[in-house]
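Since the structure comes first, as structure tokens, the remarks are kept for the end.
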Amino acid sequence: MEDAILFSEHEAVVVVDALKTGEEPFIFKKIKPIKNFSFTTHAVSPEAVAYLCRTLYRKSPELYILGLRGYNFEVGENLSPKAQQNLKEALSFFVKILKNVTPDRKISAIIKYLKEKSLKKEKRENPMEKSKKEVLVLEDILGSNKKVATSIRKKLEEHGILAVNLLSSPGSGKTTLLEKIGLRLKEKYRIGVIEGDIETERDAERIRKLGLPAWQITTHGACHLEAKMLAKIFDQIPADLDFLFIENVGNLVCPASFDLGETLRFVLLSVPEGDDKPKKYPEAFITSQVFVLTKCDLLPYLPFNVERVVKEALEINPKLKVFKSSALNGEGIEELCSFLESELEQRRAKNA
Amino acid sequence: MHEMSIVADLFTIIEEQAQQTGAKKVTKVKVLIGELSGVVPELFRSAFHSYKKGTIADKAKLEIKVTRIKFKCHNCGKEIKSKDISSPDFSYACPFCGSKEVELTSGREIYLEKLEIETS
């Protein structure tokens, strides 16, 4: 009862005691008035005292328990070293609270303030742990494609195969040109053709009709060939080929970004497409070594300025070798084939 | 629209990096895209944001820096910052000495520059 009077005279009450169980080194928790009286007056809980205080004196001070974890509770025992340590920590914690007490500040507000302060300090000391961190990567996103392309290129070189990657928009005559080149070269050389298309085996069938081996890669929607698509069928390519032609998916944009491990890249442009294309599709022209203008048999019928297109192509890539061709009347096929033959011989001589 | 397959390769690198650095979350991705890389930044962005769903970079922001075309002239040794490729005066040649022995040093790259991650 006298405790209840004492409680009623204060704004905040902290009950301190030793605890036989519970967290180390101490607990500090808010408690609420509870009606739970026992008949032995020796053990009245602080909650019950608070209940009495509220009922009898209409006062509800802020009430906390500071429970220090103890270990030996026999009569005559001194404080064990562990309990002493717990007491020390509890004391320093409690002093911190007392130092922050002001008339208008509740204990709960002080605890919140102290917690925030220690969090901030932790953050200052270990900024990496709780906050965001920047990682410098600087990695080529197409690196995995380039890696596969490099290994394909190495294998081709080992076998002395000259591989040509043909880029153009759909319908500019890649397959027809390949048919003509294939027919002309097949007497003397071993030739293989990889056909890249979104769907169907049509192009591969056209090449096979000439008696040449052809492998069809259907991309099922992808707008370009990637080195790893080639790697999948690479084991089927005979090592004793002289020329491997890779007809990319008809598209003048996307295939330009993907190295396939080819020896040479050809960009084709057909007369009906117009003479303004090189600067509109610069990457295809910049990454190629050879520019083949196809369907030149149509030049008399269409407003197409050969000089302009060649000039523009050379402006963005002065090293381009330019060929004018027509698969229909055979124009330029001989020149293209002799160019390929001499490239093959030069490379073999260099590697020999 | 090959941006999607490039974004797929980007996420392979992001996942690898996240594993190596113990990242719980990737909050920002910064890429460098060359003006001549054939990648359209807007398409790359939309591919990125549709691909990121359900990955470690689920809520990540994407920052794209477009890098300009640069050449080095092998004849006079000068570094050349090129005019815009769509300009009618664009030329793959050295404006100082006229040499065509120039090499592209920047403008074709597609790089993951950095990531911002959360480790806890």
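Residues are referred to by chain and number: the chain letter is A, B, ... according to the order shown in the structure tokens, the number counts from 1 in that chain, and ligands are numbered separately from 1 in the order shown.
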Find the residues around Glu113 in chain B up to 8 Å (only C-alpha atoms counted), leave out those fewer than 2 positions away in its own chain, and share them as a compact mmCIF listing (two decimals) with N, CA and C atoms, in the first residue's frame.
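Final output, out-v4.txt:
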# COMPACT_ATOMS: atom_id res chain seq x y z
N LEU A 136 31.46 -0.98 -59.18
CA LEU A 136 31.92 -0.67 -60.52
C LEU A 136 32.12 -1.98 -61.27
N VAL A 137 31.47 -2.14 -62.39
CA VAL A 137 31.53 -3.43 -63.09
C VAL A 137 32.34 -3.31 -64.40
N LEU A 138 31.98 -2.35 -65.21
CA LEU A 138 32.60 -2.15 -66.52
C LEU A 138 32.78 -3.44 -67.31
N GLU A 139 31.69 -4.09 -67.57
CA GLU A 139 31.76 -5.34 -68.32
C GLU A 139 30.98 -5.22 -69.61
N VAL B 29 21.00 0.35 -62.10
CA VAL B 29 21.87 -0.25 -63.11
C VAL B 29 22.27 0.87 -64.07
N LYS B 30 23.57 1.04 -64.25
CA LYS B 30 24.00 2.07 -65.19
C LYS B 30 24.73 1.43 -66.36
N VAL B 31 24.25 1.73 -67.56
CA VAL B 31 24.88 1.16 -68.76
C VAL B 31 25.40 2.26 -69.68
N LEU B 32 26.41 1.90 -70.43
CA LEU B 32 26.95 2.80 -71.44
C LEU B 32 26.56 2.23 -72.80
N TYR B 111 28.08 -1.46 -72.55
CA TYR B 111 28.73 -1.86 -71.30
C TYR B 111 27.84 -1.70 -70.10
N LEU B 115 26.67 -0.91 -60.80
CA LEU B 115 25.43 -1.32 -60.15
C LEU B 115 25.36 -0.65 -58.79
Every residue of range 130-234 of chain A that DSSP places in strand (DSSP E or B), as a PDB file with all heavy atoms, in the first residue's frame:
ATOM      1  N   LYS A 132      23.176   1.593 -49.159  1.00  0.00           N
ATOM      2  CA  LYS A 132      23.425   1.155 -50.528  1.00  0.00           C
ATOM      3  C   LYS A 132      24.909   1.281 -50.856  1.00  0.00           C
ATOM      4  O   LYS A 132      25.610   2.078 -50.267  1.00  0.00           O
ATOM      5  CB  LYS A 132      22.604   2.031 -51.468  1.00  0.00           C
ATOM      6  CG  LYS A 132      21.145   1.717 -51.367  1.00  0.00           C
ATOM      7  CD  LYS A 132      20.335   2.659 -52.201  1.00  0.00           C
ATOM      8  CE  LYS A 132      18.866   2.319 -52.069  1.00  0.00           C
ATOM      9  NZ  LYS A 132      18.035   3.265 -52.802  1.00  0.00           N
ATOM     10  N   LYS A 133      25.302   0.512 -51.815  1.00  0.00           N
ATOM     11  CA  LYS A 133      26.709   0.446 -52.141  1.00  0.00           C
ATOM     12  C   LYS A 133      26.820   0.419 -53.650  1.00  0.00           C
ATOM     13  O   LYS A 133      26.001  -0.190 -54.326  1.00  0.00           O
ATOM     14  CB  LYS A 133      27.221  -0.850 -51.516  1.00  0.00           C
ATOM     15  CG  LYS A 133      28.638  -1.195 -51.763  1.00  0.00           C
ATOM     16  CD  LYS A 133      28.969  -2.364 -50.837  1.00  0.00           C
ATOM     17  CE  LYS A 133      29.912  -3.320 -51.471  1.00  0.00           C
ATOM     18  NZ  LYS A 133      30.192  -4.480 -50.631  1.00  0.00           N
ATOM     19  N   GLU A 134      27.850   1.075 -54.172  1.00  0.00           N
ATOM     20  CA  GLU A 134      28.026   1.088 -55.608  1.00  0.00           C
ATOM     21  C   GLU A 134      29.111   0.109 -56.016  1.00  0.00           C
ATOM     22  O   GLU A 134      30.149   0.042 -55.383  1.00  0.00           O
ATOM     23  CB  GLU A 134      28.407   2.495 -56.054  1.00  0.00           C
ATOM     24  CG  GLU A 134      27.552   2.976 -57.193  1.00  0.00           C
ATOM     25  CD  GLU A 134      27.929   4.376 -57.608  1.00  0.00           C
ATOM     26  OE1 GLU A 134      29.120   4.671 -57.720  1.00  0.00           O
ATOM     27  OE2 GLU A 134      27.014   5.162 -57.812  1.00  0.00           O
ATOM     28  N   VAL A 135      28.841  -0.651 -57.052  1.00  0.00           N
ATOM     29  CA  VAL A 135      29.833  -1.613 -57.534  1.00  0.00           C
ATOM     30  C   VAL A 135      30.196  -1.242 -58.965  1.00  0.00           C
ATOM     31  O   VAL A 135      29.331  -1.186 -59.836  1.00  0.00           O
ATOM     32  CB  VAL A 135      29.259  -3.051 -57.533  1.00  0.00           C
ATOM     33  CG1 VAL A 135      30.326  -4.045 -57.939  1.00  0.00           C
ATOM     34  CG2 VAL A 135      28.683  -3.399 -56.178  1.00  0.00           C
ATOM     35  N   LEU A 136      31.465  -0.981 -59.178  1.00  0.00           N
ATOM     36  CA  LEU A 136      31.921  -0.665 -60.525  1.00  0.00           C
ATOM     37  C   LEU A 136      32.121  -1.984 -61.268  1.00  0.00           C
ATOM     38  O   LEU A 136      32.853  -2.856 -60.802  1.00  0.00           O
ATOM     39  CB  LEU A 136      33.236   0.124 -60.452  1.00  0.00           C
ATOM     40  CG  LEU A 136      33.709   0.695 -61.770  1.00  0.00           C
ATOM     41  CD1 LEU A 136      32.784   1.811 -62.231  1.00  0.00           C
ATOM     42  CD2 LEU A 136      35.129   1.215 -61.639  1.00  0.00           C
ATOM     43  N   VAL A 137      31.475  -2.145 -62.391  1.00  0.00           N
ATOM     44  CA  VAL A 137      31.533  -3.426 -63.091  1.00  0.00           C
ATOM     45  C   VAL A 137      32.338  -3.314 -64.395  1.00  0.00           C
ATOM     46  O   VAL A 137      33.251  -4.084 -64.645  1.00  0.00           O
ATOM     47  CB  VAL A 137      30.119  -3.967 -63.403  1.00  0.00           C
ATOM     48  CG1 VAL A 137      30.221  -5.361 -63.986  1.00  0.00           C
ATOM     49  CG2 VAL A 137      29.253  -3.970 -62.155  1.00  0.00           C
ATOM     50  N   LEU A 138      31.980  -2.352 -65.209  1.00  0.00           N
ATOM     51  CA  LEU A 138      32.599  -2.146 -66.522  1.00  0.00           C
ATOM     52  C   LEU A 138      32.778  -3.438 -67.307  1.00  0.00           C
ATOM     53  O   LEU A 138      33.891  -3.825 -67.639  1.00  0.00           O
ATOM     54  CB  LEU A 138      33.948  -1.445 -66.359  1.00  0.00           C
ATOM     55  CG  LEU A 138      33.887   0.077 -66.430  1.00  0.00           C
ATOM     56  CD1 LEU A 138      35.287   0.654 -66.387  1.00  0.00           C
ATOM     57  CD2 LEU A 138      33.177   0.562 -67.692  1.00  0.00           C
ATOM     58  N   GLU A 139      31.692  -4.093 -67.570  1.00  0.00           N
ATOM     59  CA  GLU A 139      31.764  -5.342 -68.321  1.00  0.00           C
ATOM     60  C   GLU A 139      30.976  -5.216 -69.615  1.00  0.00           C
ATOM     61  O   GLU A 139      29.893  -4.650 -69.646  1.00  0.00           O
ATOM     62  CB  GLU A 139      31.223  -6.485 -67.455  1.00  0.00           C
ATOM     63  CG  GLU A 139      31.627  -7.838 -67.999  1.00  0.00           C
ATOM     64  CD  GLU A 139      31.312  -8.976 -67.046  1.00  0.00           C
ATOM     65  OE1 GLU A 139      31.447  -8.799 -65.819  1.00  0.00           O
ATOM     66  OE2 GLU A 139      30.928 -10.040 -67.541  1.00  0.00           O
ATOM     67  N   ASP A 140      31.569  -5.746 -70.672  1.00  0.00           N
ATOM     68  CA  ASP A 140      30.930  -5.743 -71.974  1.00  0.00           C
ATOM     69  C   ASP A 140      29.687  -6.638 -71.917  1.00  0.00           C
ATOM     70  O   ASP A 140      29.793  -7.825 -71.621  1.00  0.00           O
ATOM     71  CB  ASP A 140      31.923  -6.288 -73.000  1.00  0.00           C
ATOM     72  CG  ASP A 140      31.426  -6.124 -74.419  1.00  0.00           C
ATOM     73  OD1 ASP A 140      30.233  -5.834 -74.605  1.00  0.00           O
ATOM     74  OD2 ASP A 140      32.238  -6.290 -75.341  1.00  0.00           O
ATOM     75  N   LEU A 162      37.696 -20.048 -94.430  1.00  0.00           N
ATOM     76  CA  LEU A 162      37.334 -18.644 -94.527  1.00  0.00           C
ATOM     77  C   LEU A 162      35.816 -18.526 -94.381  1.00  0.00           C
ATOM     78  O   LEU A 162      35.069 -19.099 -95.173  1.00  0.00           O
ATOM     79  CB  LEU A 162      37.799 -18.048 -95.860  1.00  0.00           C
ATOM     80  CG  LEU A 162      37.709 -16.536 -95.972  1.00  0.00           C
ATOM     81  CD1 LEU A 162      38.853 -15.991 -96.812  1.00  0.00           C
ATOM     82  CD2 LEU A 162      36.378 -16.072 -96.560  1.00  0.00           C
ATOM     83  N   ALA A 163      35.384 -17.837 -93.333  1.00  0.00           N
ATOM     84  CA  ALA A 163      33.941 -17.724 -93.093  1.00  0.00           C
ATOM     85  C   ALA A 163      33.458 -16.317 -93.409  1.00  0.00           C
ATOM     86  O   ALA A 163      34.095 -15.334 -93.051  1.00  0.00           O
ATOM     87  CB  ALA A 163      33.634 -18.055 -91.631  1.00  0.00           C
ATOM     88  N   VAL A 164      32.344 -16.254 -94.134  1.00  0.00           N
ATOM     89  CA  VAL A 164      31.771 -14.965 -94.520  1.00  0.00           C
ATOM     90  C   VAL A 164      30.384 -14.824 -93.892  1.00  0.00           C
ATOM     91  O   VAL A 164      29.540 -15.700 -94.039  1.00  0.00           O
ATOM     92  CB  VAL A 164      31.655 -14.860 -96.066  1.00  0.00           C
ATOM     93  CG1 VAL A 164      31.032 -13.524 -96.448  1.00  0.00           C
ATOM     94  CG2 VAL A 164      33.020 -15.014 -96.726  1.00  0.00           C
ATOM     95  N   ASN A 165      30.178 -13.721 -93.181  1.00  0.00           N
ATOM     96  CA  ASN A 165      28.876 -13.421 -92.588  1.00  0.00           C
ATOM     97  C   ASN A 165      28.177 -12.425 -93.491  1.00  0.00           C
ATOM     98  O   ASN A 165      28.674 -11.321 -93.713  1.00  0.00           O
ATOM     99  CB  ASN A 165      29.128 -12.830 -91.185  1.00  0.00           C
ATOM    100  CG  ASN A 165      27.852 -12.497 -90.425  1.00  0.00           C
ATOM    101  OD1 ASN A 165      26.746 -12.745 -90.889  1.00  0.00           O
ATOM    102  ND2 ASN A 165      28.019 -11.904 -89.245  1.00  0.00           N
ATOM    103  N   LEU A 166      27.035 -12.823 -94.047  1.00  0.00           N
ATOM    104  CA  LEU A 166      26.335 -11.938 -94.988  1.00  0.00           C
ATOM    105  C   LEU A 166      25.163 -11.219 -94.324  1.00  0.00           C
ATOM    106  O   LEU A 166      24.252 -11.854 -93.784  1.00  0.00           O
ATOM    107  CB  LEU A 166      25.794 -12.734 -96.186  1.00  0.00           C
ATOM    108  CG  LEU A 166      26.845 -13.218 -97.181  1.00  0.00           C
ATOM    109  CD1 LEU A 166      27.181 -14.659 -96.912  1.00  0.00           C
ATOM    110  CD2 LEU A 166      26.331 -13.050 -98.609  1.00  0.00           C
ATOM    111  N   LEU A 167      25.230  -9.885 -94.382  1.00  0.00           N
ATOM    112  CA  LEU A 167      24.195  -9.047 -93.773  1.00  0.00           C
ATOM    113  C   LEU A 167      23.436  -8.275 -94.838  1.00  0.00           C
ATOM    114  O   LEU A 167      24.062  -7.690 -95.733  1.00  0.00           O
ATOM    115  CB  LEU A 167      24.869  -7.987 -92.885  1.00  0.00           C
ATOM    116  CG  LEU A 167      24.969  -8.166 -91.393  1.00  0.00           C
ATOM    117  CD1 LEU A 167      25.737  -9.428 -91.078  1.00  0.00           C
ATOM    118  CD2 LEU A 167      25.651  -6.970 -90.763  1.00  0.00           C
ATOM    119  N   ILE A 191      32.677 -26.215 -99.915  1.00  0.00           N
ATOM    120  CA  ILE A 191      31.874 -25.092 -99.427  1.00  0.00           C
ATOM    121  C   ILE A 191      30.762 -25.579 -98.502  1.00  0.00           C
ATOM    122  O   ILE A 191      30.171 -26.641 -98.734  1.00  0.00           O
ATOM    123  CB  ILE A 191      31.236 -24.346-100.625  1.00  0.00           C
ATOM    124  CG1 ILE A 191      32.354 -23.704-101.449  1.00  0.00           C
ATOM    125  CG2 ILE A 191      30.250 -23.272-100.175  1.00  0.00           C
ATOM    126  CD1 ILE A 191      31.894 -23.285-102.804  1.00  0.00           C
ATOM    127  N   GLY A 192      30.496 -24.821 -97.476  1.00  0.00           N
ATOM    128  CA  GLY A 192      29.354 -25.099 -96.610  1.00  0.00           C
ATOM    129  C   GLY A 192      28.585 -23.810 -96.374  1.00  0.00           C
ATOM    130  O   GLY A 192      29.155 -22.715 -96.443  1.00  0.00           O
ATOM    131  N   VAL A 193      27.291 -23.945 -96.134  1.00  0.00           N
ATOM    132  CA  VAL A 193      26.468 -22.748 -95.940  1.00  0.00           C
ATOM    133  C   VAL A 193      25.603 -22.904 -94.691  1.00  0.00           C
ATOM    134  O   VAL A 193      24.954 -23.934 -94.491  1.00  0.00           O
ATOM    135  CB  VAL A 193      25.560 -22.486 -97.169  1.00  0.00           C
ATOM    136  CG1 VAL A 193      24.681 -21.260 -96.941  1.00  0.00           C
ATOM    137  CG2 VAL A 193      26.390 -22.312 -98.434  1.00  0.00           C
ATOM    138  N   ILE A 194      25.631 -21.887 -93.850  1.00  0.00           N
ATOM    139  CA  ILE A 194      24.711 -21.853 -92.712  1.00  0.00           C
ATOM    140  C   ILE A 194      23.638 -20.820 -93.034  1.00  0.00           C
ATOM    141  O   ILE A 194      23.951 -19.692 -93.414  1.00  0.00           O
ATOM    142  CB  ILE A 194      25.447 -21.467 -91.405  1.00  0.00           C
ATOM    143  CG1 ILE A 194      26.440 -22.562 -91.019  1.00  0.00           C
ATOM    144  CG2 ILE A 194      24.446 -21.224 -90.272  1.00  0.00           C
ATOM    145  CD1 ILE A 194      27.310 -22.214 -89.835  1.00  0.00           C
ATOM    146  N   GLU A 195      22.400 -21.242 -92.925  1.00  0.00           N
ATOM    147  CA  GLU A 195      21.295 -20.350 -93.257  1.00  0.00           C
ATOM    148  C   GLU A 195      20.577 -19.914 -91.983  1.00  0.00           C
ATOM    149  O   GLU A 195      20.080 -20.754 -91.228  1.00  0.00           O
ATOM    150  CB  GLU A 195      20.298 -21.077 -94.180  1.00  0.00           C
ATOM    151  CG  GLU A 195      20.793 -21.272 -95.601  1.00  0.00           C
ATOM    152  CD  GLU A 195      20.865 -19.964 -96.377  1.00  0.00           C
ATOM    153  OE1 GLU A 195      20.308 -18.951 -95.891  1.00  0.00           O
ATOM    154  OE2 GLU A 195      21.473 -19.955 -97.464  1.00  0.00           O
ATOM    155  N   GLY A 196      20.537 -18.625 -91.752  1.00  0.00           N
ATOM    156  CA  GLY A 196      19.811 -18.123 -90.585  1.00  0.00           C
ATOM    157  C   GLY A 196      18.493 -17.526 -91.017  1.00  0.00           C
ATOM    158  O   GLY A 196      18.444 -16.654 -91.881  1.00  0.00           O
ATOM    159  N   ASP A 197      17.413 -18.054 -90.459  1.00  0.00           N
ATOM    160  CA  ASP A 197      16.096 -17.492 -90.751  1.00  0.00           C
ATOM    161  C   ASP A 197      15.262 -17.551 -89.500  1.00  0.00           C
ATOM    162  O   ASP A 197      15.551 -18.309 -88.576  1.00  0.00           O
ATOM    163  CB  ASP A 197      15.394 -18.292 -91.865  1.00  0.00           C
ATOM    164  CG  ASP A 197      15.871 -17.885 -93.243  1.00  0.00           C
ATOM    165  OD1 ASP A 197      15.583 -16.744 -93.642  1.00  0.00           O
ATOM    166  OD2 ASP A 197      16.539 -18.709 -93.900  1.00  0.00           O
ATOM    167  N   ALA A 214      24.280 -27.726 -96.322  1.00  0.00           N
ATOM    168  CA  ALA A 214      23.723 -26.508 -95.716  1.00  0.00           C
ATOM    169  C   ALA A 214      23.077 -26.852 -94.380  1.00  0.00           C
ATOM    170  O   ALA A 214      22.476 -27.907 -94.223  1.00  0.00           O
ATOM    171  CB  ALA A 214      22.701 -25.878 -96.652  1.00  0.00           C
ATOM    172  N   TRP A 215      23.247 -25.967 -93.412  1.00  0.00           N
ATOM    173  CA  TRP A 215      22.652 -26.140 -92.092  1.00  0.00           C
ATOM    174  C   TRP A 215      21.725 -24.969 -91.828  1.00  0.00           C
ATOM    175  O   TRP A 215      22.121 -23.806 -91.970  1.00  0.00           O
ATOM    176  CB  TRP A 215      23.740 -26.167 -91.016  1.00  0.00           C
ATOM    177  CG  TRP A 215      24.702 -27.305 -91.211  1.00  0.00           C
ATOM    178  CD1 TRP A 215      24.596 -28.538 -90.674  1.00  0.00           C
ATOM    179  CD2 TRP A 215      25.880 -27.291 -92.008  1.00  0.00           C
ATOM    180  NE1 TRP A 215      25.651 -29.315 -91.084  1.00  0.00           N
ATOM    181  CE2 TRP A 215      26.445 -28.586 -91.908  1.00  0.00           C
ATOM    182  CE3 TRP A 215      26.514 -26.333 -92.816  1.00  0.00           C
ATOM    183  CZ2 TRP A 215      27.626 -28.934 -92.576  1.00  0.00           C
ATOM    184  CZ3 TRP A 215      27.682 -26.673 -93.475  1.00  0.00           C
ATOM    185  CH2 TRP A 215      28.227 -27.963 -93.357  1.00  0.00           C
ATOM    186  N   GLN A 216      20.515 -25.287 -91.465  1.00  0.00           N
ATOM    187  CA  GLN A 216      19.549 -24.214 -91.215  1.00  0.00           C
ATOM    188  C   GLN A 216      19.489 -23.918 -89.718  1.00  0.00           C
ATOM    189  O   GLN A 216      19.333 -24.816 -88.892  1.00  0.00           O
ATOM    190  CB  GLN A 216      18.156 -24.633 -91.699  1.00  0.00           C
ATOM    191  CG  GLN A 216      17.081 -23.575 -91.531  1.00  0.00           C
ATOM    192  CD  GLN A 216      17.174 -22.468 -92.581  1.00  0.00           C
ATOM    193  OE1 GLN A 216      17.312 -22.744 -93.774  1.00  0.00           O
ATOM    194  NE2 GLN A 216      17.114 -21.221 -92.140  1.00  0.00           N
ATOM    195  N   ILE A 217      19.624 -22.649 -89.361  1.00  0.00           N
ATOM    196  CA  ILE A 217      19.353 -22.233 -87.985  1.00  0.00           C
ATOM    197  C   ILE A 217      18.067 -21.407 -88.019  1.00  0.00           C
ATOM    198  O   ILE A 217      18.017 -20.384 -88.701  1.00  0.00           O
ATOM    199  CB  ILE A 217      20.485 -21.348 -87.407  1.00  0.00           C
ATOM    200  CG1 ILE A 217      21.815 -22.105 -87.382  1.00  0.00           C
ATOM    201  CG2 ILE A 217      20.126 -20.859 -86.012  1.00  0.00           C
ATOM    202  CD1 ILE A 217      23.004 -21.263 -86.902  1.00  0.00           C
ATOM    203  N   THR A 218      17.035 -21.908 -87.347  1.00  0.00           N
ATOM    204  CA  THR A 218      15.826 -21.087 -87.258  1.00  0.00           C
ATOM    205  C   THR A 218      15.803 -20.434 -85.874  1.00  0.00           C
ATOM    206  O   THR A 218      15.930 -21.104 -84.860  1.00  0.00           O
ATOM    207  CB  THR A 218      14.544 -21.903 -87.478  1.00  0.00           C
ATOM    208  OG1 THR A 218      14.664 -23.123 -86.768  1.00  0.00           O
ATOM    209  CG2 THR A 218      14.308 -22.211 -88.935  1.00  0.00           C
TER     210      THR A 218
END
### Message
as a ChimeraX atom specification, please: every residue in range 55-271 of chain A that DSSP puts in helix (DSSP H, G or I).
### Response
/A:55-57,81-99,107-125,127-130,143-159,174-185,202-208,227-236,254-257,271
With C-alpha atoms retained, could you export that selection as an mmCIF file, in the first residue's frame?
data_model
loop_
_atom_site.group_PDB
_atom_site.id
_atom_site.type_symbol
_atom_site.label_atom_id
_atom_site.label_comp_id
_atom_site.auth_asym_id
_atom_site.auth_seq_id
_atom_site.Cartn_x
_atom_site.Cartn_y
_atom_site.Cartn_z
ATOM 1 C CA THR A 55 -7.594 2.774 -8.391
ATOM 2 C CA LEU A 56 -6.937 4.548 -5.117
ATOM 3 C CA TYR A 57 -5.180 7.725 -6.187
ATOM 4 C CA PRO A 81 31.537 -11.654 -11.896
ATOM 5 C CA LYS A 82 28.886 -12.090 -14.581
ATOM 6 C CA ALA A 83 26.227 -10.419 -12.451
ATOM 7 C CA GLN A 84 28.660 -7.606 -11.684
ATOM 8 C CA GLN A 85 29.163 -7.063 -15.392
ATOM 9 C CA ASN A 86 25.373 -7.043 -15.930
ATOM 10 C CA LEU A 87 24.999 -4.490 -13.165
ATOM 11 C CA LYS A 88 27.669 -2.293 -14.709
ATOM 12 C CA GLU A 89 25.940 -2.331 -18.087
ATOM 13 C CA ALA A 90 22.502 -1.728 -16.609
ATOM 14 C CA LEU A 91 23.877 1.174 -14.607
ATOM 15 C CA SER A 92 25.482 2.861 -17.573
ATOM 16 C CA PHE A 93 22.248 2.413 -19.530
ATOM 17 C CA PHE A 94 20.208 3.881 -16.703
ATOM 18 C CA VAL A 95 22.580 6.811 -16.250
ATOM 19 C CA LYS A 96 22.124 7.608 -19.930
ATOM 20 C CA ILE A 97 18.376 7.762 -19.398
ATOM 21 C CA LEU A 98 18.699 9.908 -16.297
ATOM 22 C CA LYS A 99 20.967 12.335 -18.087
ATOM 23 C CA ILE A 107 11.024 7.829 -20.560
ATOM 24 C CA SER A 108 9.594 6.250 -23.698
ATOM 25 C CA ALA A 109 10.642 9.333 -25.678
ATOM 26 C CA ILE A 110 14.135 9.158 -24.217
ATOM 27 C CA ILE A 111 14.481 5.496 -25.165
ATOM 28 C CA LYS A 112 13.360 6.213 -28.700
ATOM 29 C CA TYR A 113 15.834 9.066 -28.916
ATOM 30 C CA LEU A 114 18.714 6.942 -27.599
ATOM 31 C CA LYS A 115 17.926 4.121 -30.021
ATOM 32 C CA GLU A 116 17.947 6.458 -33.018
ATOM 33 C CA LYS A 117 21.188 7.983 -31.857
ATOM 34 C CA SER A 118 22.945 4.644 -31.589
ATOM 35 C CA LEU A 119 21.598 3.551 -34.996
ATOM 36 C CA LYS A 120 22.970 6.708 -36.566
ATOM 37 C CA LYS A 121 26.310 6.112 -34.939
ATOM 38 C CA GLU A 122 26.392 2.548 -36.243
ATOM 39 C CA LYS A 123 25.586 3.792 -39.705
ATOM 40 C CA ARG A 124 28.381 6.337 -39.514
ATOM 41 C CA GLU A 125 30.857 3.707 -38.459
ATOM 42 C CA PRO A 127 28.206 2.890 -43.849
ATOM 43 C CA MET A 128 28.517 -0.183 -46.132
ATOM 44 C CA GLU A 129 26.509 -2.515 -44.029
ATOM 45 C CA LYS A 130 23.141 -0.920 -43.812
ATOM 46 C CA GLY A 143 31.047 -10.228 -73.772
ATOM 47 C CA SER A 144 29.542 -13.704 -73.612
ATOM 48 C CA ASN A 145 28.723 -13.552 -77.324
ATOM 49 C CA LYS A 146 32.196 -12.247 -78.135
ATOM 50 C CA LYS A 147 33.787 -15.034 -76.124
ATOM 51 C CA VAL A 148 31.951 -17.704 -78.113
ATOM 52 C CA ALA A 149 32.710 -15.814 -81.342
ATOM 53 C CA THR A 150 36.404 -15.750 -80.481
ATOM 54 C CA SER A 151 36.510 -19.494 -79.954
ATOM 55 C CA ILE A 152 34.693 -20.048 -83.264
ATOM 56 C CA ARG A 153 37.172 -17.735 -84.999
ATOM 57 C CA LYS A 154 40.078 -19.670 -83.515
ATOM 58 C CA LYS A 155 38.675 -23.009 -84.708
ATOM 59 C CA LEU A 156 38.056 -21.610 -88.194
ATOM 60 C CA GLU A 157 41.623 -20.357 -88.360
ATOM 61 C CA GLU A 158 42.992 -23.708 -87.212
ATOM 62 C CA HIS A 159 41.084 -25.451 -89.976
ATOM 63 C CA LYS A 174 21.683 -13.040 -100.261
ATOM 64 C CA THR A 175 20.601 -16.593 -101.083
ATOM 65 C CA THR A 176 20.600 -16.022 -104.836
ATOM 66 C CA LEU A 177 24.077 -14.516 -104.697
ATOM 67 C CA LEU A 178 25.246 -17.482 -102.615
ATOM 68 C CA GLU A 179 23.825 -19.884 -105.193
ATOM 69 C CA LYS A 180 25.869 -18.217 -107.921
ATOM 70 C CA ILE A 181 29.059 -18.023 -105.868
ATOM 71 C CA GLY A 182 28.565 -21.613 -104.705
ATOM 72 C CA LEU A 183 28.166 -22.911 -108.245
ATOM 73 C CA ARG A 184 31.284 -21.116 -109.396
ATOM 74 C CA LEU A 185 33.475 -22.119 -106.417
ATOM 75 C CA ARG A 202 13.607 -23.026 -97.437
ATOM 76 C CA ASP A 203 16.982 -21.372 -97.901
ATOM 77 C CA ALA A 204 18.940 -24.423 -96.769
ATOM 78 C CA GLU A 205 16.941 -26.553 -99.234
ATOM 79 C CA ARG A 206 17.816 -24.183 -102.078
ATOM 80 C CA ILE A 207 21.520 -24.536 -101.294
ATOM 81 C CA ARG A 208 21.305 -28.345 -100.912
ATOM 82 C CA ALA A 227 27.607 -16.830 -81.847
ATOM 83 C CA LYS A 228 26.120 -19.342 -79.422
ATOM 84 C CA MET A 229 23.513 -20.403 -82.008
ATOM 85 C CA LEU A 230 26.399 -21.185 -84.332
ATOM 86 C CA ALA A 231 28.337 -22.971 -81.627
ATOM 87 C CA LYS A 232 25.442 -25.421 -81.229
ATOM 88 C CA ILE A 233 25.810 -26.743 -84.774
ATOM 89 C CA PHE A 234 29.524 -26.110 -85.142
ATOM 90 C CA ASP A 235 30.458 -29.755 -84.540
ATOM 91 C CA GLN A 236 28.548 -30.726 -87.688
ATOM 92 C CA CYS A 254 20.458 -6.058 -85.451
ATOM 93 C CA PRO A 255 22.903 -8.633 -86.917
ATOM 94 C CA ALA A 256 25.544 -5.895 -87.067
ATOM 95 C CA SER A 257 25.929 -5.968 -83.267
ATOM 96 C CA VAL A 271 19.283 -1.503 -106.123
#
Practice problem: May I ask you to extract the residues of chain B within 6 Å of chain A, using only C-alpha atoms, and to give them as a PyMOL selection string? | Solution: chain B and resi 2+10+91-92+110-118+120
Separating CA of Phe71 in chain B from CA of Gly261 in chain A, to the nearest tenth of an Å, is a gap of 24.0 Å
